[in-house]
>>> print(open('upload-v4.txt').read())   # compact mmCIF, C-alpha atoms and all ligand atoms
# COMPACT_ATOMS: atom_id res chain seq x y z
CA MET M 270 0.00 0.00 0.00
CA SER M 271 1.35 3.41 -0.94
CA PRO M 272 1.87 6.00 1.81
CA HIS M 273 -0.72 8.12 0.06
CA ALA M 274 -3.43 5.42 0.26
CA LEU M 275 -2.49 4.75 3.86
CA SER M 276 -2.96 8.36 4.88
CA ARG M 277 -6.29 8.47 3.00
CA ARG M 278 -7.49 5.44 4.96
CA TRP M 279 -6.38 7.06 8.18
CA THR M 280 -8.18 10.28 7.26
CA MET M 281 -11.43 8.37 6.58
CA ARG M 282 -11.10 6.52 9.87
CA VAL M 283 -11.14 9.87 11.68
CA ILE M 284 -13.52 11.81 9.43
CA GLY M 285 -15.96 8.94 8.76
CA PRO M 286 -17.59 8.89 12.19
CA VAL M 287 -17.71 12.70 12.31
CA LEU M 288 -19.38 12.76 8.90
CA ALA M 289 -21.87 10.11 10.00
CA ALA M 290 -22.70 12.09 13.12
CA VAL M 291 -23.24 15.28 11.12
CA LEU M 292 -25.48 13.49 8.59
CA GLY M 293 -27.41 11.86 11.43
CA LEU M 294 -28.01 15.18 13.15
CA THR M 295 -29.09 16.78 9.86
CA ALA M 296 -31.63 13.98 9.31
CA LEU M 297 -32.87 14.43 12.88
CA PHE M 298 -33.58 18.12 12.38
CA LEU M 299 -35.16 17.68 8.96
CA SER M 300 -37.51 14.94 10.12
CA PRO M 301 -40.91 16.46 10.98
CA TRP M 302 -41.33 14.55 14.25
CA ASN M 303 -37.85 15.07 15.66
CA GLY M 304 -35.49 17.76 16.76
CA SER M 305 -36.71 21.32 17.06
CA ALA M 306 -39.79 20.62 14.93
CA SER M 307 -41.35 18.61 17.74
CA ALA M 308 -40.80 21.21 20.41
CA HIS M 309 -44.34 22.29 21.11
CA GLY M 310 -46.68 21.84 24.05
CA THR M 311 -50.02 21.03 25.58
CA ILE M 312 -52.16 21.36 28.66
CA VAL M 313 -50.63 18.97 31.16
CA GLU M 314 -53.00 19.82 34.04
CA PRO M 315 -55.82 18.93 33.76
CA ALA M 316 -54.18 16.64 31.21
CA SER M 317 -55.16 16.83 27.55
CA ARG M 318 -56.50 13.61 26.01
CA SER M 319 -53.29 12.62 24.29
CA TYR M 320 -51.02 13.70 27.17
CA ASP M 321 -53.19 11.80 29.64
CA CYS M 322 -52.91 8.62 27.53
CA TRP M 323 -49.16 9.09 27.19
CA GLN M 324 -48.74 9.68 30.93
CA ARG M 325 -50.65 6.57 31.90
CA TRP M 326 -49.74 4.20 29.05
CA GLY M 327 -46.64 5.60 27.37
CA SER M 328 -44.31 3.22 29.18
CA ASP M 329 -46.88 0.41 29.30
CA PHE M 330 -48.35 0.53 25.79
CA GLN M 331 -48.10 -3.21 25.21
CA ASN M 332 -50.20 -4.03 28.25
CA PRO M 333 -53.31 -5.83 26.94
CA ALA M 334 -55.25 -4.46 29.93
CA MET M 335 -55.39 -1.05 28.20
CA GLU M 336 -58.25 -2.29 25.97
CA GLN M 337 -60.54 -2.96 28.96
CA GLU M 338 -59.29 -0.40 31.45
CA ASP M 339 -58.99 2.52 29.09
CA PRO M 340 -60.81 1.89 25.81
CA MET M 341 -60.43 5.49 24.60
CA CYS M 342 -56.63 5.52 24.92
CA TRP M 343 -56.58 2.02 23.47
CA GLN M 344 -58.51 3.00 20.34
CA ALA M 345 -56.28 6.06 19.92
CA TRP M 346 -53.19 3.86 20.18
CA GLN M 347 -54.63 1.37 17.70
CA ALA M 348 -55.48 4.14 15.23
CA ASN M 349 -52.01 5.71 15.40
CA PRO M 350 -49.32 5.42 18.08
CA ASN M 351 -48.15 8.93 17.16
CA THR M 352 -51.27 10.37 18.76
CA MET M 353 -49.72 9.57 22.15
CA TRP M 354 -46.06 10.10 21.30
CA ASN M 355 -46.83 13.48 19.77
CA TRP M 356 -49.03 14.77 22.57
CA MET M 357 -47.33 18.15 22.01
CA SER M 358 -48.14 18.47 18.31
CA LEU M 359 -51.84 19.28 18.19
CA PHE M 360 -51.64 22.58 16.35
CA ARG M 361 -52.67 24.37 13.18
CA GLU M 362 -51.17 27.42 11.54
CA ASN M 363 -52.51 30.52 9.78
CA MET M 364 -56.11 30.44 10.97
CA ALA M 365 -55.97 34.19 11.77
CA GLY M 366 -58.29 33.63 14.72
CA ASN M 367 -61.08 32.08 12.59
CA PHE M 368 -61.06 28.82 14.48
CA GLN M 369 -64.70 27.96 13.88
CA ALA M 370 -64.19 28.26 10.12
CA TYR M 371 -61.32 25.77 10.13
CA ILE M 372 -62.39 23.33 12.84
CA PRO M 373 -65.75 21.69 12.07
CA ASP M 374 -68.09 20.46 14.81
CA GLY M 375 -67.19 16.92 15.81
CA SER M 376 -63.46 17.47 15.22
CA LEU M 377 -62.62 19.94 17.96
CA CYS M 378 -60.48 17.56 20.00
CA SER M 379 -58.27 16.63 17.03
CA ASP M 380 -57.86 20.27 16.01
CA GLY M 381 -59.75 19.44 12.80
CA ASP M 382 -57.56 16.36 12.36
CA ALA M 383 -54.43 18.50 12.63
CA GLN M 384 -51.23 16.90 11.33
CA SER M 385 -53.46 14.89 8.94
CA GLY M 386 -54.39 11.58 10.47
CA LEU M 387 -52.34 12.03 13.60
CA ALA M 388 -55.21 12.46 15.92
CA SER M 389 -58.75 11.99 14.59
CA SER M 390 -59.13 9.26 17.24
CA LEU M 391 -59.12 12.06 19.83
CA ASP M 392 -62.63 12.97 18.63
CA THR M 393 -64.01 9.50 19.40
CA VAL M 394 -67.07 9.80 21.62
CA GLY M 395 -66.81 7.69 24.77
CA LYS M 396 -65.59 7.29 28.31
CA TRP M 397 -62.33 9.21 28.27
CA HIS M 398 -60.42 9.03 31.54
CA THR M 399 -61.12 12.17 33.59
CA THR M 400 -59.17 14.30 36.06
CA ASN M 401 -61.08 15.29 39.20
CA VAL M 402 -61.39 19.05 39.60
CA SER M 403 -63.23 21.59 41.74
CA SER M 404 -64.73 24.80 40.38
CA ASN M 405 -61.42 26.63 40.87
CA ILE M 406 -58.98 25.12 38.42
CA THR M 407 -55.33 25.88 37.87
CA MET M 408 -54.59 25.38 34.20
CA HIS M 409 -51.00 24.40 33.39
CA LEU M 410 -49.55 24.45 29.90
CA HIS M 411 -46.10 23.02 29.24
CA ASP M 412 -44.34 24.74 26.32
CA GLN M 413 -41.22 22.82 25.29
CA ALA M 414 -40.00 25.56 22.96
CA SER M 415 -41.01 28.66 24.93
CA HIS M 416 -43.27 30.00 22.19
CA GLY M 417 -45.07 32.39 24.53
CA ALA M 418 -48.80 33.03 24.36
CA ASP M 419 -50.75 35.87 22.79
CA TYR M 420 -53.67 34.54 24.88
CA PHE M 421 -55.42 31.46 26.15
CA LYS M 422 -59.15 31.02 25.66
CA VAL M 423 -60.74 28.43 27.91
CA TYR M 424 -64.19 26.91 27.41
CA VAL M 425 -66.11 24.35 29.46
CA SER M 426 -68.70 22.08 27.85
CA LYS M 427 -72.26 23.04 28.83
CA GLN M 428 -74.07 21.36 31.66
CA GLY M 429 -76.34 18.75 30.01
CA TYR M 430 -73.95 17.98 27.15
CA ASN M 431 -72.57 14.46 27.60
CA PRO M 432 -69.07 13.91 26.16
CA GLU M 433 -69.53 10.16 26.57
CA THR M 434 -72.42 10.00 24.06
CA GLN M 435 -72.31 13.21 21.96
CA PRO M 436 -69.68 14.60 19.59
CA LEU M 437 -68.30 17.97 20.70
CA GLY M 438 -69.31 21.05 18.70
CA TRP M 439 -68.72 24.77 19.19
CA GLY M 440 -72.33 25.14 20.34
CA ASN M 441 -71.64 22.84 23.29
CA LEU M 442 -69.10 25.23 24.84
CA ASP M 443 -69.31 28.05 27.38
CA LEU M 444 -66.46 30.57 27.16
CA ILE M 445 -65.02 30.92 30.67
CA THR M 446 -61.81 32.93 30.34
CA THR M 447 -59.67 34.83 27.86
CA THR M 448 -56.25 35.63 29.29
CA GLY M 449 -53.72 38.29 28.41
CA LYS M 450 -50.24 37.71 26.97
CA PHE M 451 -47.62 35.43 28.49
CA ALA M 452 -43.91 36.01 27.91
CA PRO M 453 -42.01 32.99 26.55
CA ALA M 454 -41.40 30.36 29.24
CA THR M 455 -41.58 26.60 29.51
CA ASP M 456 -44.60 26.58 31.82
CA TYR M 457 -47.63 28.84 32.16
CA THR M 458 -50.27 28.56 34.84
CA PHE M 459 -53.44 30.55 35.34
CA ASN M 460 -56.67 30.06 37.24
CA ILE M 461 -60.16 29.68 35.90
CA ASN M 462 -63.38 29.71 37.85
CA ALA M 463 -65.99 27.32 36.48
CA SER M 464 -68.88 27.04 38.88
CA GLY M 465 -72.22 25.33 38.27
CA TYR M 466 -70.83 22.23 36.58
CA THR M 467 -71.12 18.63 37.75
CA GLY M 468 -69.90 15.35 36.31
CA HIS M 469 -67.83 14.73 33.16
CA HIS M 470 -67.05 17.86 31.13
CA VAL M 471 -64.53 18.80 28.48
CA ILE M 472 -62.32 21.80 29.12
CA TYR M 473 -61.39 23.19 25.71
CA THR M 474 -58.26 25.34 25.68
CA ILE M 475 -57.08 27.47 22.79
CA TRP M 476 -53.41 28.43 23.05
CA GLN M 477 -52.45 31.12 20.55
CA ALA M 478 -48.65 30.87 20.42
CA SER M 479 -46.64 34.07 19.87
CA HIS M 480 -43.75 33.01 17.63
CA LEU M 481 -46.03 32.33 14.62
CA ASP M 482 -49.76 32.24 13.88
CA GLN M 483 -49.76 28.77 15.44
CA THR M 484 -52.76 27.65 17.46
CA TYR M 485 -53.19 24.67 19.72
CA LEU M 486 -56.74 23.46 20.43
CA ILE M 487 -56.84 21.04 23.30
CA CYS M 488 -59.47 18.86 25.01
CA SER M 489 -59.02 17.91 28.67
CA ASP M 490 -61.58 15.58 30.26
CA VAL M 491 -62.50 16.51 33.81
CA ASN M 492 -64.92 15.39 36.47
CA PHE M 493 -66.39 18.21 38.55
CA GLY M 494 -66.86 16.88 42.08
CU CU T 1 -43.65 24.41 18.67
>>> encode(input="upload-v4.txt", output="structure tokens")
Amino acid sequence: MSPHALSRRWTMRVIGPVLAAVLGLTALFLSPWNGSASAHGTIVEPASRSYDCWQRWGSDFQNPAMEQEDPMCWQAWQANPNTMWNWMSLFRENMAGNFQAYIPDGSLCSDGDAQSGLASSLDTVGKWHTTNVSSNITMHLHDQASHGADYFKVYVSKQGYNPETQPLGWGNLDLITTTGKFAPATDYTFNINASGYTGHHVIYTIWQASHLDQTYLICSDVNFG
């Protein structure tokens, strides 16, 4: 082997792994579900449908008991595992505030099937697992990428509407709170007062992020005690 070929082999032995690492990182950031592209957020308390499934089944997703114990998370998992893994990705862009024009009745919990096919199972009518709440609720949104918030709008489903038997439409919601702006941070909390409700309700949160016209529309199932 010539000295020239030898030094070329040596160079590739050093540069090869570096090149592979760089290519790997590039692929990671270009892939829509990885890297910075997946840095989003959701309501973690009271947990959104997909976050709640991920919290309770994310590390136990092969447990056959999920089908009986939690049929709503089970059907979501069956439809598309990404619904749980991407609990932070339920957003749409460029709606300019016209949410009702873009999100038809019956598809509110999937953000009008945002991310095409990711999450239509979140609209399934049935016995979603609920978080127990009182009329004073601290809402907590976790924002992986510190997008900030122009505002949050929070609705509660009307007394008499049954999320276990009826699809959710805009007409089923009472507007409870519209907040002001929040500076970019990883966690935002604010209180809402929702009195006069009993039993299973959906809290519907609209998070208007500040970095882009990017809107997250999020269903959390609660049980008012
Ligand atoms: Cu984001």
>>> residues_near_ligand(input="upload-v4.txt", ligand="ligand CU 1 (chain T)", cutoff="7 Å", atoms="all atoms listed in the file", output="list of chain:residue names")
M:Ala306, M:Ser307, M:Ala308, M:His309, M:Gly310, M:Ala414, M:His416
>>> residues_around(input="upload-v4.txt", residues="segment 388-392 of chain M", least_positions_apart="4", cutoff="10 Å", atoms="all atoms listed in the file", output="PyMOL selection string")
chain M and resi 317-319+341-353+355-356+358-359+375-384+397+432+436-437+487-488
>>> closest_residue(input="upload-v4.txt", among="M:Asn431, M:Ser489, M:Thr455, M:Thr467", to="Val394 of chain M", atoms="only C-alpha atoms")
M:Asn431
>>> residues_around(input="upload-v4.txt", residues="Gln477 of chain M", least_positions_apart="6", cutoff="9 Å", atoms="only C-alpha atoms", output="list in words")
Gly366, Gly417, Ala418, Asp419, Tyr420, Phe421, Lys422, Gln483, Thr484, Tyr485 and Leu486 of chain M
>>> atom_distance(input="upload-v4.txt", atom1="atom CA of Asp482 of chain M", atom2="atom CA of Asn462 of chain M")
27.7 Å
>>> atom_distance(input="upload-v4.txt", atom1="atom CA of Tyr466 of chain M", atom2="atom CA of Ser403 of chain M")
9.2 Å
>>> closest_residue(input="upload-v4.txt", among="M:Lys396, M:Gly449, M:Trp354, M:Tyr424", to="Gly327 of chain M", atoms="only C-alpha atoms")
M:Trp354
>>> atom_distance(input="upload-v4.txt", atom1="atom CA of Val402 of chain M", atom2="atom CA of Ile475 of chain M")
19.3 Å
>>> closest_residue(input="upload-v4.txt", among="M:Thr393, M:Asn401, M:Thr474, M:Ser426", to="Thr448 of chain M", atoms="all atoms listed in the file")
M:Thr474
>>> closest_residue(input="upload-v4.txt", among="M:Tyr457, M:Cys322, M:Ile312, M:Gln337", to="Ile472 of chain M", atoms="only C-alpha atoms")
M:Ile312
>>> residues_around(input="upload-v4.txt", residues="Gln428 of chain M", least_positions_apart="4", cutoff="12 Å", atoms="all atoms listed in the file", output="number ranges by chain")
M: 432, 441-443, 463-471, 492-493
>>> residues_near_point(input="upload-v4.txt", point="(-53.1, 17.2, 33.5)", cutoff="9 Å", atoms="only C-alpha atoms", output="JSON, numbers by chain")
{"M": [312, 313, 314, 315, 316, 317, 318, 320, 321, 400, 408, 409, 410, 489]}
